[in-house]
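Visitor: File follows, run.cif with mmCIF, C-alpha atoms:
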data_run
loop_
_atom_site.label_atom_id
_atom_site.label_comp_id
_atom_site.auth_asym_id
_atom_site.auth_seq_id
_atom_site.Cartn_x
_atom_site.Cartn_y
_atom_site.Cartn_z
CA MET U 1 14.56 28.69 8.08
CA ASN U 2 12.35 25.59 8.03
CA ARG U 3 12.67 23.18 5.13
CA VAL U 4 9.47 22.07 3.37
CA ALA U 5 9.24 19.16 0.91
CA VAL U 6 6.65 19.77 -1.82
CA ASP U 7 5.11 16.95 -3.84
CA ALA U 8 5.48 18.71 -7.18
CA MET U 9 4.06 16.01 -9.44
CA SER U 10 0.56 15.68 -8.01
CA GLY U 11 -2.43 18.00 -8.09
CA ASP U 12 -4.97 18.74 -10.79
CA LEU U 13 -3.07 21.63 -12.37
CA GLY U 14 0.26 19.87 -12.86
CA PRO U 15 3.91 20.56 -11.97
CA GLU U 16 3.95 23.97 -13.67
CA VAL U 17 1.71 25.35 -10.93
CA ALA U 18 3.63 23.58 -8.15
CA VAL U 19 6.91 25.06 -9.43
CA ALA U 20 5.43 28.56 -9.66
CA GLY U 21 4.11 28.31 -6.09
CA ALA U 22 7.35 26.92 -4.72
CA LEU U 23 9.34 29.69 -6.40
CA GLU U 24 7.06 32.31 -4.89
CA ALA U 25 7.46 30.84 -1.40
CA ALA U 26 11.24 30.68 -1.80
CA ARG U 27 11.43 34.27 -3.10
CA ARG U 28 9.46 35.50 -0.10
CA GLY U 29 11.73 33.61 2.28
CA TRP U 30 8.90 31.62 3.82
CA ALA U 31 10.87 28.36 3.74
CA GLU U 32 13.66 26.44 2.13
CA VAL U 33 11.75 24.43 -0.47
CA VAL U 34 12.60 20.93 -1.66
CA MET U 35 10.64 20.09 -4.81
CA VAL U 36 10.03 16.36 -5.08
CA GLY U 37 9.47 14.87 -8.52
CA ARG U 38 11.03 14.09 -11.85
CA PRO U 39 14.07 16.31 -12.48
CA GLU U 40 13.59 16.12 -16.24
CA VAL U 41 10.19 17.78 -15.75
CA LEU U 42 11.00 20.20 -12.92
CA ASP U 43 14.42 21.54 -13.96
CA PRO U 44 13.20 23.10 -17.24
CA LEU U 45 10.30 24.74 -15.40
CA LEU U 46 12.68 26.24 -12.86
CA ASP U 47 14.73 27.71 -15.73
CA GLY U 48 17.81 28.22 -13.57
CA GLU U 49 16.03 30.25 -10.86
CA ALA U 50 16.72 27.67 -8.15
CA SER U 51 20.42 28.58 -8.09
CA ASN U 52 19.61 31.97 -6.57
CA LEU U 53 16.96 30.79 -4.12
CA PRO U 54 16.64 28.41 -1.15
CA LEU U 55 15.15 25.76 -3.43
CA SER U 56 16.30 22.35 -4.62
CA VAL U 57 14.97 19.28 -6.43
CA GLU U 58 14.75 15.77 -4.93
CA PRO U 59 14.25 13.00 -7.53
CA ALA U 60 11.09 10.88 -7.39
CA ALA U 61 10.33 8.70 -10.38
CA GLU U 62 6.70 7.75 -9.76
CA ILE U 63 3.33 9.51 -9.36
CA ILE U 64 0.16 8.40 -7.58
CA GLY U 65 -2.89 9.37 -9.60
CA MET U 66 -6.15 10.75 -8.25
CA ASP U 67 -7.99 7.56 -9.21
CA GLU U 68 -5.60 5.08 -7.56
CA HIS U 69 -6.38 3.23 -4.34
CA PRO U 70 -4.42 5.19 -1.70
CA VAL U 71 -2.99 2.48 0.53
CA SER U 72 -2.22 0.04 -2.30
CA ALA U 73 -0.56 2.77 -4.36
CA VAL U 74 1.61 4.00 -1.47
CA ARG U 75 2.78 0.45 -0.76
CA ALA U 76 3.44 -0.34 -4.42
CA LYS U 77 5.06 2.95 -5.43
CA ARG U 78 7.87 3.54 -2.97
CA GLU U 79 9.39 6.20 -5.25
CA ALA U 80 6.17 8.16 -5.72
CA SER U 81 6.59 11.90 -5.15
CA VAL U 82 4.30 12.03 -2.10
CA VAL U 83 6.03 9.01 -0.53
CA VAL U 84 9.49 10.49 -1.09
CA ALA U 85 8.35 13.83 0.37
CA CYS U 86 7.21 12.07 3.56
CA ARG U 87 10.43 10.05 3.66
CA LEU U 88 12.46 13.27 3.60
CA VAL U 89 10.60 14.34 6.74
CA LYS U 90 11.18 10.97 8.40
CA GLU U 91 14.91 11.16 7.65
CA GLY U 92 15.15 14.68 9.04
CA ARG U 93 15.95 16.19 5.64
CA ALA U 94 12.74 18.26 5.74
CA ASP U 95 10.69 19.69 8.60
CA ALA U 96 7.31 19.27 6.90
CA ALA U 97 5.77 17.99 3.67
CA VAL U 98 3.03 19.35 1.41
CA SER U 99 0.99 17.55 -1.25
CA PRO U 100 -1.89 18.78 -3.44
CA GLY U 101 -2.44 15.27 -4.77
CA ASN U 102 -4.71 12.35 -3.92
CA THR U 103 -5.81 13.14 -0.35
CA GLY U 104 -6.13 9.50 0.60
CA ALA U 105 -2.63 8.79 -0.71
CA THR U 106 -1.21 11.75 1.22
CA LEU U 107 -2.81 10.50 4.44
CA ALA U 108 -1.67 6.94 3.75
CA ALA U 109 1.90 8.07 3.01
CA ALA U 110 1.99 10.13 6.21
CA LEU U 111 0.85 7.20 8.33
CA LEU U 112 2.74 4.40 6.56
CA VAL U 113 6.03 6.28 6.18
CA LEU U 114 6.02 8.43 9.34
CA GLY U 115 3.57 6.62 11.60
CA ARG U 116 1.37 8.05 14.37
CA LEU U 117 2.33 9.94 17.47
CA PRO U 118 2.34 7.58 20.46
CA GLY U 119 -1.09 7.63 22.07
CA VAL U 120 -2.95 8.83 18.97
CA GLU U 121 -5.27 6.15 17.63
CA ARG U 122 -6.94 8.18 14.88
CA PRO U 123 -5.16 11.17 13.32
CA ALA U 124 -7.56 13.87 12.11
CA LEU U 125 -7.67 16.34 9.25
CA PRO U 126 -8.76 19.87 10.24
CA ALA U 127 -10.01 22.81 8.19
CA LEU U 128 -9.94 26.51 9.03
CA LEU U 129 -13.16 28.49 8.61
CA PRO U 130 -13.19 32.29 8.15
CA THR U 131 -15.42 33.24 11.09
CA GLY U 132 -15.53 36.58 12.86
CA GLU U 133 -12.25 38.30 13.68
CA ARG U 134 -10.27 35.06 13.62
CA PRO U 135 -10.75 31.66 11.99
CA SER U 136 -12.39 28.68 13.64
CA LEU U 137 -11.30 25.07 13.22
CA ILE U 138 -13.40 22.06 12.32
CA LEU U 139 -12.10 18.50 12.52
CA ASP U 140 -12.21 15.80 11.31
CA VAL U 141 -13.04 16.68 7.70
CA GLY U 142 -12.39 13.35 6.05
CA ALA U 143 -9.65 11.19 7.56
CA ASN U 144 -12.06 9.06 9.65
CA VAL U 145 -15.60 8.35 8.49
CA ASP U 146 -16.40 6.05 11.42
CA VAL U 147 -15.17 6.92 14.91
CA ARG U 148 -15.86 6.20 18.55
CA PRO U 149 -16.49 8.76 21.34
CA PRO U 150 -12.87 8.66 22.65
CA HIS U 151 -11.67 9.60 19.16
CA LEU U 152 -13.74 12.79 19.27
CA LEU U 153 -12.04 13.61 22.57
CA ASP U 154 -8.65 13.15 20.89
CA PHE U 155 -9.76 15.41 18.04
CA ALA U 156 -10.77 18.05 20.58
CA ARG U 157 -7.37 17.93 22.26
CA MET U 158 -5.49 18.14 18.97
CA GLY U 159 -7.69 20.92 17.62
CA SER U 160 -7.34 22.94 20.81
CA LEU U 161 -3.55 22.71 20.67
CA TYR U 162 -3.58 23.69 16.99
CA MET U 163 -5.54 26.85 17.72
CA GLU U 164 -3.24 27.70 20.64
CA ARG U 165 0.08 27.09 18.89
CA VAL U 166 -0.62 27.99 15.26
CA VAL U 167 -3.45 30.55 15.37
CA GLY U 168 -2.54 32.06 18.74
CA VAL U 169 -5.88 31.61 20.53
CA GLU U 170 -5.65 31.37 24.32
CA ASN U 171 -7.95 28.79 25.93
CA PRO U 172 -9.78 27.85 22.70
CA ARG U 173 -13.49 27.15 23.12
CA VAL U 174 -14.27 23.60 21.99
CA GLY U 175 -17.70 22.36 20.93
CA LEU U 176 -19.28 19.25 19.46
CA LEU U 177 -20.80 19.92 16.05
CA ASN U 178 -24.42 18.99 16.64
CA ILE U 179 -28.07 19.72 15.85
CA GLY U 180 -28.47 21.56 19.15
CA GLU U 181 -26.69 22.79 22.24
CA GLU U 182 -28.21 20.35 24.73
CA GLU U 183 -26.45 17.19 25.88
CA THR U 184 -29.53 15.10 25.03
CA LYS U 185 -29.52 16.05 21.34
CA GLY U 186 -27.68 14.34 18.54
CA ASN U 187 -26.91 10.74 17.68
CA ARG U 188 -25.41 8.16 20.04
CA LEU U 189 -21.83 9.09 19.10
CA VAL U 190 -22.32 12.74 20.03
CA GLN U 191 -24.28 11.98 23.21
CA GLU U 192 -21.61 9.57 24.46
CA ALA U 193 -18.79 11.96 23.57
CA PHE U 194 -20.44 14.91 25.35
CA PRO U 195 -19.50 13.92 28.94
CA LEU U 196 -15.98 12.91 27.84
CA LEU U 197 -15.29 16.41 26.53
CA ARG U 198 -17.08 18.10 29.42
CA GLU U 199 -14.96 16.31 32.02
CA ALA U 200 -11.64 16.41 30.14
CA PRO U 201 -8.99 18.44 31.96
CA GLY U 202 -7.44 21.27 30.00
CA LEU U 203 -10.35 21.69 27.57
CA THR U 204 -12.65 24.72 27.52
CA PHE U 205 -15.77 22.82 26.45
CA VAL U 206 -18.80 24.90 25.48
CA GLY U 207 -21.21 22.05 24.66
CA GLY U 208 -23.03 21.36 21.43
CA VAL U 209 -22.43 23.80 18.58
CA GLU U 210 -24.79 24.21 15.66
CA PRO U 211 -23.23 25.07 12.27
CA GLY U 212 -24.58 28.61 12.38
CA ALA U 213 -23.06 29.23 15.80
CA LEU U 214 -19.70 27.98 14.54
CA LEU U 215 -19.81 30.38 11.59
CA ARG U 216 -20.63 33.23 13.97
CA GLY U 217 -17.43 32.46 15.87
CA GLU U 218 -19.13 31.14 19.02
CA ALA U 219 -16.58 28.31 19.22
CA ASP U 220 -12.93 28.13 18.20
CA VAL U 221 -12.91 24.38 17.57
CA ALA U 222 -15.77 22.17 16.39
CA VAL U 223 -15.37 18.40 16.60
CA ALA U 224 -17.14 15.89 14.34
CA ASP U 225 -16.58 12.54 12.68
CA GLY U 226 -14.98 12.68 9.24
CA PHE U 227 -18.24 12.09 7.36
CA VAL U 228 -20.13 14.96 8.99
CA GLY U 229 -17.10 17.25 8.88
CA ASN U 230 -16.43 16.56 5.21
CA VAL U 231 -20.04 17.18 4.22
CA ALA U 232 -20.08 20.41 6.25
CA ILE U 233 -16.91 21.82 4.71
CA LYS U 234 -17.93 20.93 1.15
CA LEU U 235 -21.35 22.49 1.69
CA LEU U 236 -19.71 25.70 2.90
CA GLU U 237 -17.30 25.76 -0.06
CA GLY U 238 -20.14 25.27 -2.50
CA LEU U 239 -22.37 27.83 -0.79
CA ALA U 240 -19.64 30.48 -0.84
CA GLU U 241 -19.00 29.83 -4.54
CA VAL U 242 -22.70 30.09 -5.43
CA LEU U 243 -23.31 33.21 -3.32
CA PHE U 244 -20.37 35.10 -4.81
CA GLY U 245 -21.40 34.01 -8.29
CA ARG U 246 -24.93 35.30 -7.76
CA LEU U 247 -23.62 38.52 -6.26
CA LYS U 248 -21.34 39.16 -9.25
CA GLN U 249 -24.26 38.62 -11.63
CA ALA U 250 -26.47 41.04 -9.68
CA LEU U 251 -23.80 43.74 -9.58
CA ARG U 252 -23.41 43.66 -13.36
CA GLN U 253 -27.07 44.36 -14.10
CA GLY U 254 -27.58 48.01 -14.93
CA LEU U 255 -25.55 51.19 -14.53
CA ARG U 256 -26.61 51.80 -10.93
CA ALA U 257 -25.54 48.30 -9.92
CA GLN U 258 -22.19 48.72 -11.66
CA VAL U 259 -21.53 52.02 -9.88
CA GLY U 260 -22.40 50.37 -6.56
CA ALA U 261 -20.14 47.45 -7.42
CA ALA U 262 -17.22 49.83 -7.96
CA LEU U 263 -17.81 51.34 -4.51
CA VAL U 264 -17.98 48.02 -2.63
CA ALA U 265 -15.38 46.17 -4.72
CA PRO U 266 -12.47 46.58 -2.24
CA ARG U 267 -14.53 45.16 0.63
CA LEU U 268 -15.86 42.33 -1.51
CA ARG U 269 -12.33 41.41 -2.54
CA ALA U 270 -11.29 41.34 1.13
CA VAL U 271 -14.19 39.02 1.98
CA ALA U 272 -13.43 36.84 -1.04
CA ARG U 273 -9.81 36.46 0.13
CA GLN U 274 -11.04 35.32 3.55
CA LEU U 275 -13.18 32.63 1.90
CA ASP U 276 -10.54 31.55 -0.61
CA TYR U 277 -8.80 28.24 0.19
CA ALA U 278 -5.72 29.60 -1.57
CA GLU U 279 -5.17 31.96 1.37
CA TYR U 280 -4.80 29.03 3.78
CA GLY U 281 -2.95 26.72 1.43
CA GLY U 282 -3.19 23.46 3.33
CA VAL U 283 -3.86 21.81 6.67
CA PRO U 284 -1.79 19.25 8.58
CA LEU U 285 -2.80 15.70 9.43
CA LEU U 286 -2.93 16.07 13.21
CA GLY U 287 -1.62 13.00 14.97
CA ALA U 288 0.91 11.88 12.38
CA ARG U 289 4.44 11.70 13.77
CA ALA U 290 5.51 14.86 11.88
CA PRO U 291 3.78 17.61 9.89
CA VAL U 292 2.30 16.56 6.54
CA LEU U 293 -0.05 19.10 4.98
CA VAL U 294 -2.84 18.33 2.56
CA ALA U 295 -3.39 21.04 -0.05
CA HIS U 296 -6.46 21.39 -2.25
CA GLY U 297 -6.31 19.29 -5.43
CA ARG U 298 -7.12 22.40 -7.47
CA SER U 299 -4.38 24.45 -5.82
CA ASN U 300 -3.07 27.28 -7.98
CA ALA U 301 0.39 28.80 -7.56
CA ARG U 302 -0.79 31.11 -4.77
CA ALA U 303 -2.31 28.17 -2.90
CA ILE U 304 0.92 26.15 -3.19
CA ALA U 305 2.93 29.11 -1.89
CA SER U 306 0.46 29.53 0.98
CA ALA U 307 0.71 25.81 1.76
CA VAL U 308 4.50 26.09 2.00
CA ARG U 309 4.12 29.08 4.31
CA ALA U 310 1.59 27.16 6.43
CA ALA U 311 3.87 24.12 6.61
CA ALA U 312 6.82 26.22 7.74
CA SER U 313 4.60 27.95 10.32
CA VAL U 314 3.33 24.65 11.72
CA ALA U 315 6.84 23.18 11.81
CA GLY U 316 8.14 26.19 13.74
CA SER U 317 5.17 26.56 16.09
CA GLY U 318 6.05 23.84 18.57
CA LEU U 319 2.70 22.19 17.88
CA TRP U 320 4.12 18.73 17.28
CA HIS U 321 6.15 18.82 20.48
CA ALA U 322 3.03 19.92 22.40
CA LEU U 323 0.95 17.14 20.82
CA ALA U 324 3.57 14.54 21.72
CA GLU U 325 3.66 15.78 25.32
CA ARG U 326 -0.13 15.89 25.65
CA PHE U 327 -0.64 12.33 24.44
CA GLU U 328 2.38 11.03 26.33
CA GLU U 329 0.81 12.39 29.53
CA ARG U 330 -2.43 10.60 28.71
CA GLU U 331 -0.62 7.34 28.04
CA GLY U 332 1.22 7.68 31.34
#
Please go through the file and, once you have read it, give me the structure as structure tokens.

Guide:
Amino acid sequence: MNRVAVDAMSGDLGPEVAVAGALEAARRGWAEVVMVGRPEVLDPLLDGEASNLPLSVEPAAEIIGMDEHPVSAVRAKREASVVVACRLVKEGRADAAVSPGNTGATLAAALLVLGRLPGVERPALPALLPTGERPSLILDVGANVDVRPPHLLDFARMGSLYMERVVGVENPRVGLLNIGEEETKGNRLVQEAFPLLREAPGLTFVGGVEPGALLRGEADVAVADGFVGNVAIKLLEGLAEVLFGRLKQALRQGLRAQVGAALVAPRLRAVARQLDYAEYGGVPLLGARAPVLVAHGRSNARAIASAVRAAASVAGSGLWHALAERFEEREG
């Protein structure tokens, strides 16, 4: 069983939610969970349950707040919960780490404590999109606002391996997120990256991919700089929230609508689960030396449990070994 360190003190909803999620993951046998934080806070919340489960507490005296400068805070607070969680991975006492806290601090802790895989210049943060019969991946969604064309090629390689090893997609189709399919469209970054991806060995490159085509499942991996990727994912999150809100309002208006709502409710709930970030839990910073997963700041208990499951899955998938081999070959 893989061991996952959970930053239990961060996140918008507090340690109560982190403890509830960790307990759920431990009960289901998804991982051996190490909760990182203040024992005087966590032990009463566990209420003795940890003794019967694969779950323990690792002390961490400090917390990095959502409003703190990520790099400065990580350097100043060596006993912060997210820093200690990453240190457990570095020391081999955990196979992966999860944090629902300050995203910048999580990324900074991963890179400052663990470092990068040799050959990776810019680690990237991916996000899974519920498209078609299986999810698609978009990266980067916020780790790198400014990049160069070779970085997009690295993102494509890492994203392709993620879909192969974690999602189980053979020969993932990789595209450049763009305003059109043609090589001549897009800004200079995209146009210069296009031939790099097209000529890269081992990549199934399908050209430019418009957002609509990605959502229809016409590519398995979409590559973008962190600014474009972050805007795209936040737009999709907001759109899904608004559409479901409007749909709920419409289905409550009148007896006929309510009867129809009762008939379609099971299917709507299934679609809602596909669009719910809590189902996916968290995503790993690809290119760090070991798996560190970023969970949503608003993660509820189900999302924390899903993040633990995702971390254990990534740790056991062989993805990190494959990434190390791929970039070692390139360096050689």

Visitor: For stretch 38-43 of chain U, please output as JSON, numbers by chain all residues within 7 Å (counting all atoms listed in the file; exclusion window: fewer than 3 positions along the same chain).

Guide: {"U": [46, 47, 57, 59, 60, 61]}

Visitor: Under the rule of at most 9 Å, produce a per-residue listing of stretch 86-154 of chain U near stretch 285-289 of chain U: chain, number, name, the closest pair of atoms, and the distance in Å, as CSV, using all atoms listed in the file.

Guide:
residue,atom,partner,partner_atom,distance
U:Lys90,CA,U:Arg289,CA,8.6
U:Leu107,CA,U:Leu285,CA,7.2
U:Ala110,CA,U:Ala288,CA,6.5
U:Leu111,CA,U:Ala288,CA,6.2
U:Leu114,CA,U:Arg289,CA,5.7
U:Gly115,CA,U:Arg289,CA,5.6
U:Arg116,CA,U:Ala288,CA,4.3
U:Leu117,CA,U:Arg289,CA,4.6
U:Pro118,CA,U:Arg289,CA,8.1
U:Gly119,CA,U:Gly287,CA,8.9
U:Val120,CA,U:Gly287,CA,5.9
U:Glu121,CA,U:Gly287,CA,8.2
U:Arg122,CA,U:Gly287,CA,7.2
U:Pro123,CA,U:Gly287,CA,4.3
U:Ala124,CA,U:Leu286,CA,5.2
U:Leu125,CA,U:Leu285,CA,4.9
U:Pro126,CA,U:Leu285,CA,7.3
U:Ala143,CA,U:Leu285,CA,8.4

Visitor: Just how far from atom CA of U:Ile233 is atom CA of U:His69, in Å to one decimal?

Guide: 23.2 Å

Visitor: For stretch 145-154 of chain U, work out the shell of residues within 12 Å, counting only C-alpha atoms and skipping chain neighbours fewer than 4 positions away, then give it as a ChimeraX atom specification.

Guide: /U:117,119-125,138-141,158-161,174-177,187-203,205,221-231,286-287,323,326-327,330

Visitor: I need the residue set behind the PyMOL selection byres ((chain U and resi 78) around 12) for this file; please write it as a PDB file with C-alpha atoms, in the frame of the given file.

Guide:
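Writing the result to expr.pdb gives the following:
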ATOM      1  CA  ALA U  60      11.090  10.880  -7.390  1.00  0.00           C
ATOM      2  CA  ALA U  61      10.330   8.700 -10.380  1.00  0.00           C
ATOM      3  CA  GLU U  62       6.700   7.750  -9.760  1.00  0.00           C
ATOM      4  CA  ILE U  63       3.330   9.510  -9.360  1.00  0.00           C
ATOM      5  CA  ILE U  64       0.160   8.400  -7.580  1.00  0.00           C
ATOM      6  CA  VAL U  71      -2.990   2.480   0.530  1.00  0.00           C
ATOM      7  CA  SER U  72      -2.220   0.040  -2.300  1.00  0.00           C
ATOM      8  CA  ALA U  73      -0.560   2.770  -4.360  1.00  0.00           C
ATOM      9  CA  VAL U  74       1.610   4.000  -1.470  1.00  0.00           C
ATOM     10  CA  ARG U  75       2.780   0.450  -0.760  1.00  0.00           C
ATOM     11  CA  ALA U  76       3.440  -0.340  -4.420  1.00  0.00           C
ATOM     12  CA  LYS U  77       5.060   2.950  -5.430  1.00  0.00           C
ATOM     13  CA  GLU U  79       9.390   6.200  -5.250  1.00  0.00           C
ATOM     14  CA  ALA U  80       6.170   8.160  -5.720  1.00  0.00           C
ATOM     15  CA  SER U  81       6.590  11.900  -5.150  1.00  0.00           C
ATOM     16  CA  VAL U  82       4.300  12.030  -2.100  1.00  0.00           C
ATOM     17  CA  VAL U  83       6.030   9.010  -0.530  1.00  0.00           C
ATOM     18  CA  VAL U  84       9.490  10.490  -1.090  1.00  0.00           C
ATOM     19  CA  ALA U  85       8.350  13.830   0.370  1.00  0.00           C
ATOM     20  CA  CYS U  86       7.210  12.070   3.560  1.00  0.00           C
ATOM     21  CA  ARG U  87      10.430  10.050   3.660  1.00  0.00           C
ATOM     22  CA  ALA U 105      -2.630   8.790  -0.710  1.00  0.00           C
ATOM     23  CA  ALA U 109       1.900   8.070   3.010  1.00  0.00           C
ATOM     24  CA  LEU U 112       2.740   4.400   6.560  1.00  0.00           C
ATOM     25  CA  VAL U 113       6.030   6.280   6.180  1.00  0.00           C
TER      26      VAL U 113
END

Visitor: With a cut-off of 9 Å, could you pull out the residues of stretch 156-181 of chain U touching stretch 298-317 of chain U and give me the nearest pair of atoms for each, distance in Å to one decimal, using only C-alpha atoms, ordered by chain and ascending number, as CSV?

Guide:
residue,atom,partner,partner_atom,distance
U:Tyr162,CA,U:Val314,CA,8.7
U:Arg165,CA,U:Ser317,CA,5.8
U:Val166,CA,U:Ser317,CA,6.0

Visitor: Take the residues that were just selected and, keeping C-alpha atoms, output them as a tab-separated table (two decimals), in the frame of the given file.

Guide:
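As written to disk, selection.tsv reads:
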chain	number	residue	atom	x	y	z
U	162	TYR	CA	-3.58	23.69	16.99
U	165	ARG	CA	0.08	27.09	18.89
U	166	VAL	CA	-0.62	27.99	15.26

Visitor: Return the single residue from U:Leu137, U:Met35, U:Leu45, U:Ala295 that is closest to U:Leu215, with distances computed using all atoms listed in the file.

Guide: U:Leu137

Visitor: What is the distance between atom CA of U:Leu55 and atom CA of U:Val33, in Å to one decimal?

Guide: 4.7 Å

Visitor: Which of these residues is nearest to U:Ala8, using only C-alpha atoms: U:Gly281, U:Pro70, U:Gly92, U:Gly21?

Guide: U:Gly21

Visitor: How many Å lie between atom CA of U:Gly208 and atom CA of U:Arg173, rounded to one decimal?

Guide: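 Result for atom CA of U:Gly208 versus atom CA of U:Arg173: 11.3 Å, one decimal.
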
Visitor: Quick one: of U:Asn2, U:Gln253, U:Thr131, U:Asn144, who's nearest to U:Trp30, counting all atoms listed in the file?

Guide: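 For U:Trp30, the nearest of the candidates is U:Asn2.
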
Visitor: So, counting all atoms listed in the file, which residue among U:Ala18, U:Ala322, U:Ala96, U:Leu293 is closest to U:Met1?

Guide: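 Closest candidate: U:Ala96.
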
Visitor: Of the candidates U:Gly65, U:Pro44, U:Gly142, U:Gly104, which shows the shortest atom-to-atom distance to U:Ser10, using only C-alpha atoms?

Guide: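 The closest residue to U:Ser10 is U:Gly65.
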
Visitor: Can you translate the PyMOL selection byres ((chain U and resi 179) around 9) into the concrete residues it hits in this file, as a PyMOL selection string?

Guide: chain U and resi 177-178+180-182+185-186+208-211

Visitor: Check the smallest atom-to-atom distance from each of U:Gly14, U:Ala290, U:Ala31, U:Gly168 to U:Gly101 using only C-alpha atoms, then report the winner.

Guide: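 Comparing U:Gly14, U:Ala290, U:Ala31, U:Gly168 against U:Gly101, the winner is U:Gly14.
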